[in-house]
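> My structure is below; once you've seen it, I'll send some questions.
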Amino acid sequence: MGRHSIGEFEHLVLLAVLRQGANAYGASIIDEIEERTGRDVSQAAAYLTLKRLEAKGWLIGRQKDGDETRGKRERRCFDLTAEGRQRLERARSELASMWEGLAPEFGR
Amino acid sequence: MSIPPVPRFWAWLVGVAAPPQDRDALAGDLQERFAHRVERRGAGAARRWYRGQALRLVLVLALHRLLAAPRGLRFADEMRFSGLDIRLGLRMLVKHAGLSLVAVFGMAIAMTIGIISFEILSNLLDRSLPVEGGDRIDLEGPAKRIVVNRAFVDKFFGGRTAIGHRIRYSRVQRNLPPPEPRATWYEIVGVVSDFPAYPPSGLGDLTATVYHPLDPATVDRARISLRVAGGAAASSAHTVREVATNVDPTLKVDELRPLEDVYRDERFFVLLISRAFAVTTLSVLLLSGAGVFALMSFSVAQRSREIGIRAALGAGPRPILIAIFGRVTRQLGAGAAVGFVLGGGLLVGSGLDPAQTVVLLVASPLILLLTGFLAAVGPARRGLAIQPSEALRSE
């Protein structure tokens, strides 16, 4: 896996951020993935993945004020960078190419 | 619906483990998800979920910081031997060669003395019986009969049946019955419970012992140990004399004393030596601790400028403490390694039980490392109290 490859969970996190727009943050990203995939997502996995995507330059984070639900603690919101969008688009086309002719019943 | 508070201990643990810049966001996310869980699944399930999430988060954060942190003032770098560490270490060795050598060899000498004293004490107190091939059976020649105690069976037969086996002594012992003890085979005909031996061997009473039949023709005096039900009383002496007179009117019984008095007298010298060794070892440990304490005070004072700059650059107390203790670990570890090799070399072929050898080789460095760490706590706290401005002013 090279520096610019996307892991499966990274893919899900990037898509969750893309769906939620500029206000995506840790808890909302996890909820989005859990609701859509039925997986249990741990806070630790989400935190490390967000940090890694930020370090790769695919996400950009900024602090926002929190509300009562979270004890007034600030949120760290994430948005896709241009590079992140580009990488996501490339991943989609790679996957679509691999799936071409196979969907929906995995037949040839 | 009111939301109960999150488990306080686990929330605190997350706060401690999380990097300062992400602490609020992480705690807030967990609290928000906890609130959703309470609404959907109830408070009990939500608390269990929170504990699980917090535990995983703390473990992952610790591992992440240890293994994958980028270079900088991070945990992984502080605890890793890098080329820079070695160069800095060598520079410190050259700059303060005397002090470093004293620290390293002080540890080594302390460990060696500790191990030697344990060895001498052990050899003094734990002499094994000179029995060789105790489990061999010789069907030829007459065998004399003996009785052994439970400790003997445990030691030479591994707890298996000993009755019917024959043994012989591999070297002459002062109190063996004549003649030619090494050529004589003795058949074990009975096993008795452990009973205090005379003369006492070591500090314990579980000494492997062989009992020979007494031949009145060859013995003009004997010591007999008696166990009296309910403990020895003044009337016991009268009863013993009465029994002896009934057996043989010419038998003279004197020096009737409680066994514990006899033992106390016999063990006085051994206890004195063992206490002397204990005091010596403790003194060496204390001296070693004092040496490490002085070294660390000096080392932290030398690094006050570096500590101040780190603090000014935003390093928290934890990375600074890790840096201080990381160096302590390396210095003490070097001393412990040298002492381990020296002590191990001395113990090879010493006749000590392998399990005892391992315990000694592991316990001694652990005690000294613990002493070193305790000694470093004070200087470390003082190091943290140094103000950046004060440190930048110092030479």
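By convention here, the chains of the structure tokens are called A, B, ... in the order presented, each chain's residues are numbered starting at 1, and ligands are numbered starting at 1 in the order presented.
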Would you pick out the contacts of Ala27 in chain A at 7 Å or less, using only C-alpha atoms, so that residues sharing its chain but fewer than 4 positions from it are not included, and give the list as JSON, numbers by chain?

{"A": [31], "B": [29, 33]}

> Would you output that residue set with N, CA, C and O atoms, as a compact mmCIF listing (two decimals), in the first residue's frame?


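Full text of result00.txt as output:
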# COMPACT_ATOMS: atom_id res chain seq x y z
N ASP A 31 -21.72 7.93 13.42
CA ASP A 31 -23.15 7.63 13.29
C ASP A 31 -23.51 7.32 11.84
O ASP A 31 -24.26 6.38 11.55
N ASP B 29 -17.16 13.96 21.74
CA ASP B 29 -17.74 12.94 20.85
C ASP B 29 -18.25 11.76 21.65
O ASP B 29 -19.35 11.26 21.42
N ARG B 33 -22.18 10.54 21.97
CA ARG B 33 -22.60 9.19 21.59
C ARG B 33 -23.17 8.45 22.81
O ARG B 33 -24.10 7.64 22.67

> Give me, as a Markdown table, the closest atom pair and its distance (Å, one decimal) for every residue of chain B within a cut-off of 7 Å of chain A, counting only C-alpha atoms, rows sorted by chain and rising number.


| residue | atom | partner | partner_atom | distance |
| --- | --- | --- | --- | --- |
| B:Asp24 | CA | A:Arg73 | CA | 5.6 |
| B:Ala25 | CA | A:Arg75 | CA | 5.0 |
| B:Gly28 | CA | A:Arg70 | CA | 4.7 |
| B:Asp29 | CA | A:Ala27 | CA | 5.0 |
| B:Gln31 | CA | A:Arg70 | CA | 5.4 |
| B:Glu32 | CA | A:Arg70 | CA | 4.9 |
| B:Arg33 | CA | A:Ala27 | CA | 6.5 |
| B:Gln53 | CA | A:Ser42 | CA | 6.3 |
| B:Arg56 | CA | A:Ala44 | CA | 6.4 |
| B:Leu57 | CA | A:Ala44 | CA | 4.5 |
| B:Val60 | CA | A:Ala44 | CA | 6.5 |

> Would you save the residues of that selection, restricted to C-alpha atoms, as an mmCIF file, in the first residue's frame?


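Generated output (selection_38.cif):
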data_model
loop_
_atom_site.group_PDB
_atom_site.id
_atom_site.type_symbol
_atom_site.label_atom_id
_atom_site.label_comp_id
_atom_site.auth_asym_id
_atom_site.auth_seq_id
_atom_site.Cartn_x
_atom_site.Cartn_y
_atom_site.Cartn_z
ATOM 1 C CA ASP B 24 -12.052 18.144 24.214
ATOM 2 C CA ALA B 25 -13.161 16.871 20.823
ATOM 3 C CA GLY B 28 -17.229 15.553 23.580
ATOM 4 C CA ASP B 29 -17.737 12.943 20.852
ATOM 5 C CA GLN B 31 -20.255 12.100 25.620
ATOM 6 C CA GLU B 32 -22.553 12.820 22.676
ATOM 7 C CA ARG B 33 -22.603 9.191 21.594
ATOM 8 C CA GLN B 53 -14.911 2.564 24.076
ATOM 9 C CA ARG B 56 -9.992 0.745 23.540
ATOM 10 C CA LEU B 57 -9.283 4.404 22.998
ATOM 11 C CA VAL B 60 -4.896 2.528 21.015
#

> If we count only C-alpha atoms, what is near Ser5 in chain A at a cut-off of 10 Å, once residues fewer than 5 positions away on the same chain are taken out, given as a ChimeraX atom specification?

/A:10-11,87,91

> Among chain A, which residues carry a DSSP assignment of strand (DSSP E or B), reported as JSON, numbers by chain?

{"A": [24, 25, 59, 60, 61, 62, 63, 64, 75, 76, 77, 78, 79, 80]}

> Please dump the current selection as a CSV table (one decimal), in the first residue's frame; keep all heavy atoms.


chain,number,residue,atom,x,y,z
A,24,ALA,N,-19.1,17.9,9.3
A,24,ALA,CA,-18.9,16.6,9.7
A,24,ALA,C,-17.9,16.6,10.9
A,24,ALA,O,-16.9,17.3,10.8
A,24,ALA,CB,-18.3,15.7,8.6
A,25,TYR,N,-18.2,15.9,11.9
A,25,TYR,CA,-17.3,15.7,13.0
A,25,TYR,C,-17.3,14.3,13.6
A,25,TYR,O,-18.1,13.5,13.1
A,25,TYR,CB,-17.6,16.7,14.2
A,25,TYR,CG,-18.9,16.6,14.8
A,25,TYR,CD1,-19.0,15.9,16.0
A,25,TYR,CD2,-20.1,17.0,14.2
A,25,TYR,CE1,-20.2,15.7,16.6
A,25,TYR,CE2,-21.3,16.8,14.8
A,25,TYR,CZ,-21.4,16.2,16.0
A,25,TYR,OH,-22.6,16.0,16.6
A,59,LEU,N,-8.1,15.5,4.3
A,59,LEU,CA,-9.1,16.1,5.1
A,59,LEU,C,-8.5,17.4,5.8
A,59,LEU,O,-7.3,17.4,6.1
A,59,LEU,CB,-9.6,15.2,6.2
A,59,LEU,CG,-10.5,14.1,5.9
A,59,LEU,CD1,-10.9,13.3,7.2
A,59,LEU,CD2,-11.8,14.5,5.2
A,60,ILE,N,-9.3,18.4,6.0
A,60,ILE,CA,-8.8,19.5,6.8
A,60,ILE,C,-9.7,19.7,8.0
A,60,ILE,O,-11.0,19.6,7.9
A,60,ILE,CB,-8.7,20.8,5.9
A,60,ILE,CG1,-8.1,21.9,6.7
A,60,ILE,CG2,-10.1,21.2,5.4
A,60,ILE,CD1,-7.7,23.0,5.8
A,61,GLY,N,-9.1,19.9,9.2
A,61,GLY,CA,-9.9,20.0,10.4
A,61,GLY,C,-9.9,21.4,11.0
A,61,GLY,O,-8.9,22.1,10.8
A,62,ARG,N,-11.0,21.7,11.7
A,62,ARG,CA,-11.0,23.0,12.4
A,62,ARG,C,-11.9,22.9,13.6
A,62,ARG,O,-12.8,22.0,13.6
A,62,ARG,CB,-11.4,24.1,11.5
A,62,ARG,CG,-12.9,24.0,11.0
A,62,ARG,CD,-13.2,25.0,9.9
A,62,ARG,NE,-14.5,24.8,9.5
A,62,ARG,CZ,-15.0,23.8,8.8
A,62,ARG,NH1,-14.2,22.8,8.4
A,62,ARG,NH2,-16.3,23.7,8.4
A,63,GLN,N,-11.6,23.7,14.6
A,63,GLN,CA,-12.4,23.6,15.8
A,63,GLN,C,-13.7,24.4,15.7
A,63,GLN,O,-13.7,25.5,15.2
A,63,GLN,CB,-11.6,24.1,17.0
A,63,GLN,CG,-10.2,23.5,17.2
A,63,GLN,CD,-10.3,22.0,17.5
A,63,GLN,OE1,-9.8,21.2,16.7
A,63,GLN,NE2,-10.9,21.7,18.5
A,64,LYS,N,-14.8,23.9,16.3
A,64,LYS,CA,-16.0,24.6,16.4
A,64,LYS,C,-16.6,24.4,17.8
A,64,LYS,O,-16.4,23.4,18.4
A,64,LYS,CB,-17.0,24.1,15.4
A,64,LYS,CG,-16.9,24.7,14.0
A,64,LYS,CD,-18.1,24.3,13.1
A,64,LYS,CE,-18.0,25.0,11.8
A,64,LYS,NZ,-19.1,24.7,10.9
A,75,ARG,N,-16.1,20.9,19.0
A,75,ARG,CA,-16.1,19.8,18.0
A,75,ARG,C,-14.9,20.1,17.1
A,75,ARG,O,-14.5,21.2,16.9
A,75,ARG,CB,-17.3,19.9,17.1
A,75,ARG,CG,-18.6,19.6,17.7
A,75,ARG,CD,-19.7,19.5,16.6
A,75,ARG,NE,-20.9,19.0,17.1
A,75,ARG,CZ,-21.9,19.7,17.5
A,75,ARG,NH1,-21.9,21.1,17.4
A,75,ARG,NH2,-23.0,19.2,17.9
A,76,ARG,N,-14.4,19.0,16.6
A,76,ARG,CA,-13.4,19.1,15.5
A,76,ARG,C,-14.1,18.7,14.2
A,76,ARG,O,-14.3,17.5,14.0
A,76,ARG,CB,-12.1,18.2,15.8
A,76,ARG,CG,-11.0,18.4,14.8
A,76,ARG,CD,-9.7,18.1,15.4
A,76,ARG,NE,-8.6,18.3,14.4
A,76,ARG,CZ,-8.1,19.4,14.1
A,76,ARG,NH1,-8.5,20.6,14.7
A,76,ARG,NH2,-7.1,19.5,13.2
A,77,CYS,N,-14.4,19.7,13.4
A,77,CYS,CA,-15.1,19.4,12.2
A,77,CYS,C,-14.1,19.2,11.0
A,77,CYS,O,-13.0,19.8,11.0
A,77,CYS,CB,-16.0,20.6,11.8
A,77,CYS,SG,-17.3,20.8,13.0
A,78,PHE,N,-14.5,18.4,10.1
A,78,PHE,CA,-13.6,18.0,9.0
A,78,PHE,C,-14.3,18.3,7.6
A,78,PHE,O,-15.5,18.2,7.5
A,78,PHE,CB,-13.3,16.5,9.0
A,78,PHE,CG,-12.5,16.1,10.2
A,78,PHE,CD1,-13.1,15.7,11.4
A,78,PHE,CD2,-11.1,16.2,10.3
A,78,PHE,CE1,-12.4,15.4,12.5
A,78,PHE,CE2,-10.4,15.9,11.4
A,78,PHE,CZ,-11.0,15.5,12.5
A,79,ASP,N,-13.5,18.6,6.7
A,79,ASP,CA,-14.0,18.8,5.3
A,79,ASP,C,-12.9,18.2,4.3
A,79,ASP,O,-11.7,18.1,4.7
A,79,ASP,CB,-14.1,20.3,5.0
A,79,ASP,CG,-15.1,20.5,3.8
A,79,ASP,OD1,-15.6,19.5,3.3
A,79,ASP,OD2,-15.2,21.7,3.4
A,80,LEU,N,-13.4,17.8,3.2
A,80,LEU,CA,-12.5,17.2,2.2
A,80,LEU,C,-11.7,18.3,1.5
A,80,LEU,O,-12.2,19.4,1.2
A,80,LEU,CB,-13.3,16.5,1.1
A,80,LEU,CG,-13.8,15.1,1.4
A,80,LEU,CD1,-14.8,14.7,0.3
A,80,LEU,CD2,-12.7,14.1,1.5

> Run DSSP on the backbone of this structure and report the residues of chain A it assigns to alpha helix (DSSP H), as JSON, numbers by chain.

{"A": [8, 9, 10, 11, 12, 13, 14, 15, 16, 17, 18, 19, 20, 26, 27, 28, 29, 30, 31, 32, 33, 34, 35, 36, 37, 43, 44, 45, 46, 47, 48, 49, 50, 51, 52, 53, 54, 55, 56, 82, 83, 84, 85, 86, 87, 88, 89, 90, 91, 92, 93, 94, 95, 96, 97, 98, 99]}

> Take the residues from that selection and write them out as a PDB file, in the first residue's frame, keeping C-alpha atoms.


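The new file out-v6.pdb reads:
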ATOM      1  CA  GLU A   8     -11.388   0.324   3.282  1.00  0.00           C
ATOM      2  CA  PHE A   9     -12.236   2.173   6.466  1.00  0.00           C
ATOM      3  CA  GLU A  10     -10.615   5.355   5.200  1.00  0.00           C
ATOM      4  CA  HIS A  11     -12.880   5.095   2.192  1.00  0.00           C
ATOM      5  CA  LEU A  12     -15.950   4.905   4.408  1.00  0.00           C
ATOM      6  CA  VAL A  13     -14.807   7.867   6.502  1.00  0.00           C
ATOM      7  CA  LEU A  14     -14.136  10.017   3.429  1.00  0.00           C
ATOM      8  CA  LEU A  15     -17.578   9.169   2.039  1.00  0.00           C
ATOM      9  CA  ALA A  16     -19.218   9.996   5.375  1.00  0.00           C
ATOM     10  CA  VAL A  17     -17.503  13.383   5.382  1.00  0.00           C
ATOM     11  CA  LEU A  18     -18.550  13.949   1.781  1.00  0.00           C
ATOM     12  CA  ARG A  19     -22.179  13.212   2.694  1.00  0.00           C
ATOM     13  CA  GLN A  20     -22.240  15.488   5.708  1.00  0.00           C
ATOM     14  CA  GLY A  26     -16.198  12.606  14.948  1.00  0.00           C
ATOM     15  CA  ALA A  27     -19.514  11.511  16.412  1.00  0.00           C
ATOM     16  CA  SER A  28     -21.571  12.397  13.333  1.00  0.00           C
ATOM     17  CA  ILE A  29     -19.139  10.572  11.032  1.00  0.00           C
ATOM     18  CA  ILE A  30     -19.337   7.450  13.201  1.00  0.00           C
ATOM     19  CA  ASP A  31     -23.149   7.626  13.295  1.00  0.00           C
ATOM     20  CA  GLU A  32     -23.260   7.963   9.535  1.00  0.00           C
ATOM     21  CA  ILE A  33     -21.082   4.889   8.987  1.00  0.00           C
ATOM     22  CA  GLU A  34     -22.926   2.830  11.607  1.00  0.00           C
ATOM     23  CA  GLU A  35     -26.339   3.689  10.182  1.00  0.00           C
ATOM     24  CA  ARG A  36     -25.401   2.964   6.600  1.00  0.00           C
ATOM     25  CA  THR A  37     -23.198  -0.091   7.030  1.00  0.00           C
ATOM     26  CA  GLN A  43     -14.116   5.930  18.724  1.00  0.00           C
ATOM     27  CA  ALA A  44     -10.476   4.855  18.649  1.00  0.00           C
ATOM     28  CA  ALA A  45     -10.618   3.604  15.048  1.00  0.00           C
ATOM     29  CA  ALA A  46     -12.436   6.726  13.872  1.00  0.00           C
ATOM     30  CA  TYR A  47     -10.042   9.044  15.704  1.00  0.00           C
ATOM     31  CA  LEU A  48      -6.909   7.413  14.308  1.00  0.00           C
ATOM     32  CA  THR A  49      -8.348   7.319  10.772  1.00  0.00           C
ATOM     33  CA  LEU A  50      -9.331  10.981  10.860  1.00  0.00           C
ATOM     34  CA  LYS A  51      -5.857  11.913  12.116  1.00  0.00           C
ATOM     35  CA  ARG A  52      -4.256   9.843   9.384  1.00  0.00           C
ATOM     36  CA  LEU A  53      -6.424  11.336   6.638  1.00  0.00           C
ATOM     37  CA  GLU A  54      -5.613  14.779   7.940  1.00  0.00           C
ATOM     38  CA  ALA A  55      -1.899  13.964   7.873  1.00  0.00           C
ATOM     39  CA  LYS A  56      -2.220  12.720   4.291  1.00  0.00           C
ATOM     40  CA  ALA A  82      -9.235  19.125  -3.208  1.00  0.00           C
ATOM     41  CA  GLU A  83      -6.706  16.301  -3.022  1.00  0.00           C
ATOM     42  CA  GLY A  84      -9.106  14.243  -0.915  1.00  0.00           C
ATOM     43  CA  ARG A  85     -11.925  14.713  -3.418  1.00  0.00           C
ATOM     44  CA  GLN A  86      -9.609  13.791  -6.262  1.00  0.00           C
ATOM     45  CA  ARG A  87      -8.430  10.637  -4.469  1.00  0.00           C
ATOM     46  CA  LEU A  88     -12.014   9.644  -3.639  1.00  0.00           C
ATOM     47  CA  GLU A  89     -13.061  10.102  -7.248  1.00  0.00           C
ATOM     48  CA  ARG A  90     -10.138   7.976  -8.421  1.00  0.00           C
ATOM     49  CA  ALA A  91     -11.027   5.252  -5.923  1.00  0.00           C
ATOM     50  CA  ARG A  92     -14.610   5.223  -7.178  1.00  0.00           C
ATOM     51  CA  SER A  93     -13.552   4.876 -10.785  1.00  0.00           C
ATOM     52  CA  GLU A  94     -11.104   2.091  -9.875  1.00  0.00           C
ATOM     53  CA  LEU A  95     -13.801   0.209  -8.008  1.00  0.00           C
ATOM     54  CA  ALA A  96     -16.400   0.822 -10.714  1.00  0.00           C
ATOM     55  CA  SER A  97     -13.973  -0.532 -13.266  1.00  0.00           C
ATOM     56  CA  MET A  98     -13.405  -3.657 -11.221  1.00  0.00           C
ATOM     57  CA  TRP A  99     -17.124  -4.162 -10.681  1.00  0.00           C
TER      58      TRP A  99
END

> Neighbours of range 9-23 of chain B within 7 Å (only C-alpha atoms; same-chain residues fewer than 5 positions away dropped), as a list in words?

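Everything that qualifies: Arg51, Ala54, Val58, Leu61 and Ala62 of chain B.
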
> What does the file look like for those residues with all heavy atoms, as an mmCIF file, in the first residue's frame?


data_model
loop_
_atom_site.group_PDB
_atom_site.id
_atom_site.type_symbol
_atom_site.label_atom_id
_atom_site.label_comp_id
_atom_site.auth_asym_id
_atom_site.auth_seq_id
_atom_site.Cartn_x
_atom_site.Cartn_y
_atom_site.Cartn_z
ATOM 1 N N ARG B 51 -17.403 2.402 28.826
ATOM 2 C CA ARG B 51 -16.179 1.819 29.383
ATOM 3 C C ARG B 51 -15.378 1.096 28.299
ATOM 4 O O ARG B 51 -14.154 1.225 28.209
ATOM 5 C CB ARG B 51 -16.531 0.847 30.520
ATOM 6 C CG ARG B 51 -16.956 1.541 31.806
ATOM 7 C CD ARG B 51 -16.919 0.559 32.971
ATOM 8 N NE ARG B 51 -17.981 -0.435 32.880
ATOM 9 C CZ ARG B 51 -19.187 -0.300 33.424
ATOM 10 N NH1 ARG B 51 -19.495 0.795 34.100
ATOM 11 N NH2 ARG B 51 -20.094 -1.244 33.300
ATOM 12 N N ALA B 54 -13.831 3.660 25.935
ATOM 13 C CA ALA B 54 -12.731 4.392 26.578
ATOM 14 C C ALA B 54 -11.501 3.508 26.709
ATOM 15 O O ALA B 54 -10.374 3.949 26.445
ATOM 16 C CB ALA B 54 -13.182 4.886 27.950
ATOM 17 N N VAL B 58 -7.967 4.356 25.025
ATOM 18 C CA VAL B 58 -6.738 4.572 25.814
ATOM 19 C C VAL B 58 -5.623 3.649 25.328
ATOM 20 O O VAL B 58 -4.477 4.074 25.128
ATOM 21 C CB VAL B 58 -7.032 4.328 27.315
ATOM 22 C CG1 VAL B 58 -5.748 4.239 28.111
ATOM 23 C CG2 VAL B 58 -7.915 5.440 27.860
ATOM 24 N N LEU B 61 -4.444 4.760 21.846
ATOM 25 C CA LEU B 61 -3.662 6.005 21.918
ATOM 26 C C LEU B 61 -2.261 5.739 22.453
ATOM 27 O O LEU B 61 -1.273 6.266 21.934
ATOM 28 C CB LEU B 61 -4.373 7.021 22.813
ATOM 29 C CG LEU B 61 -5.582 7.704 22.201
ATOM 30 C CD1 LEU B 61 -6.325 8.513 23.253
ATOM 31 C CD2 LEU B 61 -5.174 8.602 21.052
ATOM 32 N N ALA B 62 -2.191 4.886 23.469
ATOM 33 C CA ALA B 62 -0.875 4.582 24.045
ATOM 34 C C ALA B 62 0.004 3.873 23.029
ATOM 35 O O ALA B 62 1.170 4.223 22.840
ATOM 36 C CB ALA B 62 -1.047 3.722 25.291
#

> Which residue, B:Ala43, B:Ala312, B:Leu226, B:Ile113, has the smallest gap to Thr281 in chain B when you use only C-alpha atoms?

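Closest candidate: B:Ile113.
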